[in-house]
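Peer 1: Contents are compact mmCIF, C-alpha atoms; file name data.txt:
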```
# COMPACT_ATOMS: atom_id res chain seq x y z
CA MET Q 239 -2.63 24.51 -15.80
CA ARG Q 240 -4.48 21.27 -16.50
CA THR Q 241 -7.86 19.76 -15.69
CA TYR Q 242 -7.65 16.43 -13.84
CA ILE Q 243 -10.34 13.87 -13.12
CA ILE Q 244 -9.03 11.59 -10.36
CA CYS Q 245 -10.96 8.46 -9.43
CA THR Q 246 -10.33 7.04 -5.98
CA SER Q 247 -12.13 6.02 -2.77
CA PRO Q 248 -13.43 8.20 0.07
CA GLU Q 249 -10.83 9.31 2.58
CA GLY Q 250 -10.19 6.95 5.46
CA ASN Q 251 -7.33 4.70 4.40
CA ALA Q 252 -3.74 5.47 3.51
CA ILE Q 253 -4.09 4.93 -0.25
CA SER Q 254 -7.20 7.07 -0.78
CA ASN Q 255 -5.75 9.68 1.58
CA TYR Q 256 -2.68 9.84 -0.68
CA PHE Q 257 -4.78 10.57 -3.77
CA PHE Q 258 -6.70 13.25 -1.88
CA LEU Q 259 -3.31 14.72 -0.95
CA LEU Q 260 -2.26 14.84 -4.60
CA ALA Q 261 -5.62 16.28 -5.64
CA ARG Q 262 -5.43 19.06 -3.07
CA ALA Q 263 -1.83 19.87 -3.99
CA LEU Q 264 -2.75 20.12 -7.68
CA SER Q 265 -5.76 22.28 -6.88
CA THR Q 266 -3.77 24.56 -4.58
CA ARG Q 267 -1.23 25.34 -7.29
CA GLY Q 268 -3.98 26.24 -9.78
CA ASP Q 269 -4.93 23.07 -11.63
CA LYS Q 270 -8.61 22.18 -11.89
CA VAL Q 271 -9.40 18.90 -10.10
CA ILE Q 272 -12.54 16.77 -10.12
CA LEU Q 273 -12.72 13.78 -7.76
CA VAL Q 274 -14.91 10.75 -8.47
CA LEU Q 275 -15.36 8.47 -5.47
CA ASP Q 276 -16.55 4.88 -5.25
CA LYS Q 277 -18.30 2.95 -2.44
CA GLN Q 278 -21.49 5.01 -2.88
CA TYR Q 279 -19.91 8.11 -1.38
CA ASN Q 280 -22.58 10.49 -0.10
CA GLY Q 281 -20.55 13.22 1.54
CA SER Q 282 -19.79 16.79 0.45
CA ASN Q 283 -19.92 17.46 -3.31
CA HIS Q 284 -17.39 20.26 -3.12
CA GLU Q 285 -14.13 21.02 -1.36
CA SER Q 286 -12.34 24.31 -1.85
CA SER Q 287 -11.94 24.46 -5.64
CA MET Q 288 -12.52 20.72 -6.20
CA ALA Q 289 -15.82 19.24 -7.33
CA ILE Q 290 -16.57 15.79 -5.86
CA TYR Q 291 -18.81 13.19 -7.48
CA SER Q 292 -19.87 9.63 -6.68
CA TRP Q 293 -20.09 6.74 -9.12
CA PRO Q 294 -23.66 5.47 -9.66
CA SER Q 295 -22.55 1.97 -8.56
CA LYS Q 296 -20.67 0.99 -5.41
CA ARG Q 297 -18.03 -0.57 -7.68
CA PRO Q 298 -17.86 1.29 -11.02
CA THR Q 299 -18.04 -1.56 -13.52
CA ARG Q 300 -21.50 -1.13 -15.12
CA ILE Q 301 -22.90 0.56 -18.22
CA LYS Q 302 -24.48 3.31 -16.13
CA ASP Q 303 -21.03 4.11 -14.70
CA ALA Q 304 -19.60 4.40 -18.22
CA VAL Q 305 -22.44 6.74 -19.24
CA PHE Q 306 -21.90 8.82 -16.11
CA PHE Q 307 -18.16 9.14 -16.75
CA PHE Q 308 -18.73 9.95 -20.43
CA LYS Q 309 -21.01 12.87 -19.46
CA LEU Q 310 -18.54 14.05 -16.81
CA CYS Q 311 -15.70 14.11 -19.33
CA LYS Q 312 -17.84 15.95 -21.88
CA GLU Q 313 -18.68 18.56 -19.24
CA TYR Q 314 -15.16 19.16 -17.89
CA GLN Q 315 -13.00 18.32 -20.95
CA PRO Q 316 -10.14 16.92 -18.84
CA ASP Q 317 -6.51 16.94 -19.90
CA VAL Q 318 -5.78 14.07 -17.52
CA THR Q 319 -7.87 11.18 -16.21
CA LEU Q 320 -6.60 8.81 -13.54
CA GLY Q 321 -8.30 5.51 -12.74
CA GLN Q 322 -7.41 2.72 -10.33
CA PHE Q 323 -8.82 -0.46 -8.82
CA GLY Q 324 -12.41 -1.08 -9.98
CA SER Q 325 -12.62 2.11 -12.04
CA THR Q 326 -9.66 1.28 -14.29
CA ASN Q 327 -11.51 -0.25 -17.24
CA ILE Q 328 -14.27 2.34 -17.53
CA VAL Q 329 -11.96 5.33 -17.03
CA LEU Q 330 -9.52 4.13 -19.69
CA LEU Q 331 -12.15 3.06 -22.25
CA VAL Q 332 -14.19 6.27 -22.01
CA SER Q 333 -11.05 8.44 -21.94
CA GLN Q 334 -9.74 6.71 -25.06
CA LEU Q 335 -13.09 7.14 -26.81
CA LEU Q 336 -13.06 10.87 -26.07
CA ARG Q 337 -9.34 11.23 -26.86
CA VAL Q 338 -8.36 12.60 -23.46
CA PRO Q 339 -4.67 13.56 -23.94
CA HIS Q 340 -3.31 11.87 -20.81
CA ARG Q 341 -4.97 8.61 -19.69
CA ILE Q 342 -3.37 7.33 -16.49
CA VAL Q 343 -3.91 4.12 -14.56
CA TYR Q 344 -2.38 3.65 -11.10
CA TRP Q 345 -1.45 -0.01 -10.55
CA HIS Q 346 -1.13 -1.14 -6.92
CA THR Q 347 -0.73 -4.92 -6.83
CA MET Q 348 1.70 -7.71 -7.72
CA PHE Q 349 0.34 -10.56 -9.83
CA THR Q 350 1.58 -13.21 -7.39
CA GLN Q 351 -0.51 -11.60 -4.66
CA ILE Q 352 -3.59 -11.67 -6.88
CA ARG Q 353 -3.02 -15.33 -7.73
CA VAL Q 354 -2.36 -16.47 -4.14
CA ASP Q 355 -5.32 -14.60 -2.61
CA SER Q 356 -7.85 -15.04 -5.40
CA ASN Q 357 -10.77 -17.40 -4.83
CA LYS Q 358 -11.74 -17.31 -8.51
CA PRO Q 359 -11.11 -20.28 -10.83
CA LYS Q 360 -7.78 -20.10 -12.67
CA LEU Q 361 -9.46 -19.67 -16.04
CA ILE Q 362 -11.50 -16.68 -14.83
CA THR Q 363 -8.40 -15.11 -13.29
CA PHE Q 364 -6.52 -15.60 -16.59
CA LEU Q 365 -9.33 -14.06 -18.66
CA LEU Q 366 -9.68 -11.06 -16.35
CA LYS Q 367 -5.92 -10.49 -16.47
CA HIS Q 368 -5.95 -10.71 -20.29
CA ARG Q 369 -8.83 -8.24 -20.53
CA LYS Q 370 -7.02 -5.78 -18.26
CA LYS Q 371 -3.83 -6.20 -20.27
CA VAL Q 372 -5.60 -5.37 -23.55
CA ILE Q 373 -7.36 -2.31 -22.11
CA ILE Q 374 -4.26 -0.90 -20.43
CA SER Q 375 -1.98 -1.61 -23.41
CA TYR Q 376 -4.37 0.05 -25.87
CA CYS Q 377 -5.87 2.87 -23.81
CA ALA Q 378 -3.38 4.05 -21.17
CA THR Q 379 -0.81 6.69 -22.09
CA HIS Q 380 0.92 6.35 -18.72
CA ILE Q 381 0.96 3.78 -15.91
CA LEU Q 382 1.88 4.91 -12.42
CA THR Q 383 2.82 2.45 -9.72
CA ASN Q 384 4.23 2.29 -6.20
CA SER Q 385 7.59 0.52 -6.48
CA GLU Q 386 10.30 -0.71 -8.82
CA ALA Q 387 9.15 -4.29 -8.20
CA THR Q 388 5.59 -3.53 -9.31
CA LYS Q 389 6.93 -1.78 -12.38
CA GLN Q 390 8.98 -4.85 -13.36
CA ASP Q 391 5.97 -7.07 -12.62
CA LEU Q 392 3.89 -5.04 -15.09
CA ILE Q 393 6.60 -5.25 -17.74
CA ILE Q 394 6.71 -9.04 -17.38
CA HIS Q 395 2.97 -9.73 -17.27
CA PHE Q 396 1.61 -6.98 -19.54
CA LYS Q 397 4.62 -6.69 -21.87
CA LEU Q 398 4.55 -2.93 -21.48
CA PRO Q 399 7.54 -0.78 -22.46
CA ASP Q 400 9.64 0.59 -19.64
CA ASN Q 401 9.06 4.24 -20.63
CA ARG Q 402 5.28 4.02 -20.09
CA ILE Q 403 5.57 2.98 -16.44
CA HIS Q 404 6.57 5.46 -13.73
CA ILE Q 405 7.00 5.13 -9.96
CA LEU Q 406 5.11 7.54 -7.73
CA HIS Q 407 5.13 5.97 -4.28
CA TYR Q 408 2.64 6.77 -1.53
CA LEU Q 409 3.17 9.55 0.99
CA ILE Q 410 1.57 9.56 4.43
CA PRO Q 411 1.25 12.14 7.23
CA ASP Q 412 3.57 11.97 10.22
CA TYR Q 413 1.36 10.61 13.01
CA PHE Q 414 4.20 11.14 15.47
CA LYS Q 415 4.91 14.76 14.55
CA SER Q 416 3.86 15.94 18.01
CA GLU Q 417 4.49 12.60 19.75
CA THR Q 418 7.61 11.23 21.39
CA ILE Q 419 9.23 8.27 19.69
CA LEU Q 420 9.49 5.67 22.45
CA SER Q 421 12.89 4.31 23.42
CA LYS Q 422 13.62 0.60 23.66
CA SER Q 423 13.13 0.54 27.43
CA GLU Q 424 9.75 2.33 27.12
CA ARG Q 425 8.32 -0.27 24.75
CA GLU Q 426 6.72 -3.62 25.48
CA PHE Q 427 8.77 -6.75 24.81
CA THR Q 428 6.64 -7.56 21.78
CA LEU Q 429 6.62 -8.05 18.04
CA SER Q 430 3.92 -6.76 15.70
CA PHE Q 431 2.56 -8.16 12.44
CA VAL Q 432 0.06 -5.83 10.77
CA GLY Q 433 -1.86 -6.84 7.66
CA ARG Q 434 -4.91 -8.59 6.30
CA LEU Q 435 -5.04 -12.29 7.15
CA HIS Q 436 -4.62 -13.66 3.63
CA LYS Q 437 -2.26 -16.39 2.47
CA SER Q 438 -0.02 -13.97 0.57
CA LYS Q 439 0.95 -12.20 3.79
CA GLY Q 440 2.90 -15.17 5.14
CA HIS Q 441 1.49 -15.48 8.67
CA GLU Q 442 1.55 -19.28 8.61
CA VAL Q 443 5.29 -19.49 7.94
CA ILE Q 444 6.04 -17.03 10.74
CA ILE Q 445 3.88 -18.87 13.26
CA ASN Q 446 5.76 -22.11 12.49
CA GLN Q 447 9.01 -20.42 13.54
CA LEU Q 448 7.63 -18.85 16.73
CA PRO Q 449 8.11 -21.83 19.12
CA LYS Q 450 11.87 -21.44 18.70
CA VAL Q 451 11.59 -17.68 19.25
CA PHE Q 452 9.46 -18.05 22.38
CA SER Q 453 11.76 -20.75 23.71
CA CYS Q 454 14.63 -18.25 23.55
CA PHE Q 455 12.49 -15.30 24.72
CA PRO Q 456 9.76 -16.73 27.03
CA GLU Q 457 8.37 -13.27 27.88
CA MET Q 458 7.98 -12.15 24.26
CA LYS Q 459 4.57 -11.82 22.57
CA LEU Q 460 3.41 -11.28 19.01
CA TYR Q 461 0.45 -9.01 18.22
CA VAL Q 462 -1.27 -9.98 14.97
CA ILE Q 463 -3.28 -6.96 13.83
CA GLY Q 464 -5.80 -7.29 11.03
CA ASP Q 465 -8.49 -9.72 9.95
CA GLY Q 466 -9.31 -11.97 7.04
CA PRO Q 467 -10.29 -15.45 5.85
CA GLU Q 468 -7.21 -17.16 7.33
CA ARG Q 469 -7.86 -16.14 10.93
CA ASN Q 470 -9.41 -19.41 12.14
CA VAL Q 471 -6.70 -21.46 10.45
CA LEU Q 472 -3.96 -19.36 12.05
CA GLU Q 473 -5.55 -19.48 15.50
CA ASP Q 474 -5.79 -23.29 15.24
CA GLN Q 475 -2.15 -23.41 14.19
CA CYS Q 476 -1.11 -21.43 17.30
CA HIS Q 477 -3.17 -23.73 19.51
CA LYS Q 478 -1.52 -26.86 18.05
CA LEU Q 479 1.93 -25.35 18.58
CA ASN Q 480 0.97 -24.39 22.16
CA ILE Q 481 1.82 -20.73 21.60
CA ASP Q 482 -1.74 -19.32 21.66
CA LYS Q 483 -1.03 -17.50 24.94
CA GLN Q 484 1.81 -15.55 23.33
CA VAL Q 485 0.20 -14.80 19.96
CA ILE Q 486 -2.59 -12.25 20.35
CA PHE Q 487 -5.00 -11.82 17.44
CA VAL Q 488 -6.17 -8.22 17.77
CA GLY Q 489 -8.44 -8.15 14.68
CA SER Q 490 -9.25 -5.04 12.65
CA VAL Q 491 -8.63 -1.81 14.53
CA SER Q 492 -8.56 1.91 13.81
CA MET Q 493 -5.54 3.52 12.17
CA GLU Q 494 -4.79 5.30 15.45
CA SER Q 495 -4.68 1.95 17.23
CA VAL Q 496 -2.36 0.51 14.55
CA TYR Q 497 0.08 3.38 15.11
CA LYS Q 498 -0.04 2.86 18.88
CA HIS Q 499 0.79 -0.82 18.46
CA LEU Q 500 3.63 0.00 16.06
CA SER Q 501 5.09 2.61 18.40
CA ASN Q 502 4.95 0.30 21.42
CA THR Q 503 6.60 -2.76 19.86
CA LEU Q 504 10.28 -3.54 19.37
CA ILE Q 505 10.11 -4.96 15.85
CA HIS Q 506 7.57 -5.03 13.05
CA ILE Q 507 7.51 -8.24 10.98
CA SER Q 508 6.54 -8.54 7.33
CA ALA Q 509 6.65 -11.98 5.72
CA SER Q 510 4.71 -11.52 2.50
CA VAL Q 511 5.01 -14.03 -0.31
CA GLU Q 512 4.95 -10.97 -2.57
CA GLU Q 513 4.28 -7.29 -1.86
CA ALA Q 514 3.73 -4.41 -4.25
CA PHE Q 515 4.79 -1.80 -1.73
CA GLY Q 516 4.18 -2.67 1.92
CA LEU Q 517 2.66 0.53 3.27
CA VAL Q 518 2.54 -0.79 6.83
CA ASN Q 519 6.34 -0.95 6.76
CA VAL Q 520 6.41 2.79 6.08
CA GLU Q 521 4.03 3.28 9.01
CA ALA Q 522 6.42 1.25 11.19
CA LEU Q 523 9.34 3.44 10.07
CA SER Q 524 7.37 6.53 11.10
CA ALA Q 525 7.17 5.09 14.63
CA GLY Q 526 10.92 4.50 14.72
CA THR Q 527 10.26 0.75 14.74
CA PRO Q 528 12.81 -1.43 12.93
CA ILE Q 529 11.49 -3.84 10.29
CA LEU Q 530 12.22 -7.55 9.90
CA ALA Q 531 10.95 -8.49 6.44
CA SER Q 532 11.10 -11.02 3.65
CA LYS Q 533 13.11 -9.72 0.70
CA VAL Q 534 10.31 -9.44 -1.84
CA GLY Q 535 8.67 -6.87 -4.10
CA GLY Q 536 8.36 -3.25 -3.06
CA ILE Q 537 9.63 -3.92 0.46
CA VAL Q 538 13.12 -3.75 -1.05
CA ASP Q 539 12.47 -0.06 -1.84
CA ILE Q 540 11.58 0.65 1.81
CA LEU Q 541 13.93 -1.49 3.90
CA SER Q 542 17.65 -0.77 3.73
CA ASP Q 543 19.28 -3.90 5.10
CA ASP Q 544 21.23 -3.33 8.32
CA GLU Q 545 20.16 0.32 8.40
CA ASN Q 546 16.45 0.60 9.28
CA GLY Q 547 15.89 -3.14 9.65
CA LEU Q 548 16.93 -6.55 8.38
CA PHE Q 549 15.84 -8.99 5.71
CA PHE Q 550 15.22 -12.60 6.67
CA ASN Q 551 14.18 -15.76 4.84
CA PRO Q 552 10.78 -16.98 6.11
CA SER Q 553 11.31 -20.44 4.61
CA GLN Q 554 14.64 -20.94 6.37
CA ARG Q 555 14.17 -22.35 9.87
CA GLY Q 556 15.84 -20.25 12.53
CA SER Q 557 15.97 -17.20 10.27
CA LEU Q 558 13.27 -15.37 12.24
CA LEU Q 559 15.00 -15.93 15.57
CA LYS Q 560 18.36 -14.87 14.15
CA GLY Q 561 16.84 -11.62 12.83
CA ILE Q 562 15.09 -10.83 16.11
CA LYS Q 563 18.29 -11.39 18.10
CA ALA Q 564 20.22 -9.11 15.76
CA LEU Q 565 17.65 -6.31 15.97
CA ILE Q 566 17.07 -6.23 19.73
CA ASP Q 567 20.71 -6.11 20.77
CA GLU Q 568 22.54 -2.83 21.34
CA ASN Q 569 22.05 -1.85 17.68
CA TRP Q 570 18.28 -1.41 18.15
CA TYR Q 571 18.75 2.32 18.78
CA ARG Q 572 20.61 2.76 15.50
CA TYR Q 573 17.95 0.86 13.57
CA SER Q 574 15.20 2.89 15.24
CA LYS Q 575 16.89 6.23 14.50
CA ASN Q 576 17.46 5.29 10.85
CA ALA Q 577 13.87 4.11 10.50
CA ARG Q 578 12.61 7.51 11.55
CA ILE Q 579 15.07 9.33 9.26
CA THR Q 580 14.04 7.21 6.26
CA PHE Q 581 10.39 8.03 6.83
CA LEU Q 582 10.87 11.79 7.16
CA LYS Q 583 13.19 12.03 4.16
CA THR Q 584 11.21 9.89 1.71
CA TYR Q 585 7.68 9.01 2.78
CA GLU Q 586 6.26 11.82 4.91
CA SER Q 587 3.63 13.93 3.14
CA ASN Q 588 5.49 17.17 3.84
CA ASP Q 589 5.59 20.08 1.40
CA LEU Q 590 9.01 19.12 0.01
CA ASN Q 591 8.06 15.51 -0.78
CA VAL Q 592 4.70 16.54 -2.27
CA SER Q 593 6.44 19.16 -4.42
CA LYS Q 594 8.90 16.52 -5.68
CA GLN Q 595 6.01 14.27 -6.70
CA LEU Q 596 4.17 17.07 -8.51
CA ASN Q 597 7.35 17.93 -10.41
CA LYS Q 598 7.79 14.28 -11.36
CA LEU Q 599 4.16 14.07 -12.51
CA ASP Q 600 4.65 17.20 -14.62
CA ASN Q 601 7.76 15.71 -16.22
CA ILE Q 602 5.86 12.50 -17.02
CA LEU Q 603 3.02 14.38 -18.69
CA ASN Q 604 5.29 16.79 -20.57
CA ASN Q 605 7.42 14.08 -22.17
```
Turn this file's structure into structure tokens for me.

Peer 2:
Amino acid sequence: MRTYIICTSPEGNAISNYFFLLARALSTRGDKVILVLDKQYNGSNHESSMAIYSWPSKRPTRIKDAVFFFKLCKEYQPDVTLGQFGSTNIVLLVSQLLRVPHRIVYWHTMFTQIRVDSNKPKLITFLLKHRKKVIISYCATHILTNSEATKQDLIIHFKLPDNRIHILHYLIPDYFKSETILSKSEREFTLSFVGRLHKSKGHEVIINQLPKVFSCFPEMKLYVIGDGPERNVLEDQCHKLNIDKQVIFVGSVSMESVYKHLSNTLIHISASVEEAFGLVNVEALSAGTPILASKVGGIVDILSDDENGLFFNPSQRGSLLKGIKALIDENWYRYSKNARITFLKTYESNDLNVSKQLNKLDNILNN
């Protein structure tokens, strides 16, 4: 039995929901769990046997947040602290100061993604990366991450030893547990592309290949779901290519709406320049929707080529069309079935998969 302080965000997105899942599982088996939430959380301060706190600042990076966390650690005497995103520096520094036995950081992002999407000057980005490297190298006893690719990325950029980095990928509930997985004939003749509209996601390259796709499949449409700084640029690009009637920019929608789009489309496309994990691909698998993706980062952990989808090369002209043709022929049913099987076996937040993750976490902390 251990005492954990887990720092995450309020429930409402797949990543924070995953850390709530872990917290509840730990609490249920008898560990003491304290949650610290960012974004000025003002909800319940208790859940079952878990105490819930909110950081003083919306993003925990200030002196008052460090003082708050210091007092919290003194009160609860944790065996394990886990920080991520904006809380990483303060959680690690305070935990090191107080000699917390297990100081964990969960790392979510590839460095190429950070570089491509960052609007900060290169020097600032370099200095921030160096500061993070020093803090993690000196203070963290364990680093958890979401894929083999992210692990290797950390080894390269932070020069961390292999045995300090461990993969604990996200788990998500089965939205379609009581729903019927639609057959090919029941779905719209559409493609989906879900993700924030940032350069690292690769929308521009896909749109350049769409005229050839729509020439071969005049009735096909692409739903672009998500929002971001590149939206106007991408809409202009579609207009210039005269495909704006077949590319529908949906914008930001609820998670329920995302699942409905994924379940009603024939193929989900992912064309990221780099991707730490690619959670939306797991969501597509849960809908029995085959994936057509660039072979980068953590997507390689999710997509088994020619089983639950296909890899394609976004920079190779005609590659998108070739992949679409291959997926929507008579093999679509096999791809769809395997997509669903992959999700249930590996990524669903069922008792068996949660238990496996708790056992892995125990092994990490005991060694």

Peer 1: If you count all atoms listed in the file, which residues fall within 8 Å of Lys389 in chain Q, apart from same-chain ones fewer than 5 positions away, as a list in words?

Peer 2: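 My list of contacting residues is Thr383, Asn384, Ile403, His404 and Ile405 of chain Q.
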
Peer 1: Using only C-alpha atoms, pick whichever of Q:Val274, Q:Met348, Q:Leu365, Q:Cys311 has the shortest atom-to-atom distance to Ala289 in chain Q.

Peer 2: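 Answer, going by the shortest atom-to-atom distance: Q:Val274.
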
Peer 1: Can you tell me which residues surround Asn551 in chain Q at a distance of at most 12 Å, considering all atoms listed in the file, apart from same-chain residues fewer than 2 positions away, and format the answer as a count of residues only?

Peer 2: 25

Peer 1: Would you list the contacts of Asn357 in chain Q as a count of residues only, taking every protein, DNA or RNA residue within 12 Å and counting all atoms listed in the file, but skipping same-chain residues closer than 6 positions in sequence?

Peer 2: 5

Peer 1: Using all atoms listed in the file, can you tell me which of Q:Glu586, Q:Glu417, Q:Asp543, Q:Asp276 comes closest to Gln322 in chain Q?

Peer 2: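 So, comparing all the options, the nearest one is Q:Asp276.
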
Peer 1: Can you work out which one of Q:Lys583, Q:Ile381, Q:Leu565, Q:Ile537 has the shortest atom-to-atom distance to Ile602 in chain Q, counting all atoms listed in the file?

Peer 2: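 Distance minimum relative to Ile602 in chain Q lands on Q:Ile381.
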
Peer 1: For Leu429 in chain Q, which residue among Q:Phe452, Q:Tyr242, Q:Phe515, Q:Tyr461 is the nearest when counting all atoms listed in the file?

Peer 2: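 Smallest distance to Leu429 in chain Q is found for Q:Tyr461.
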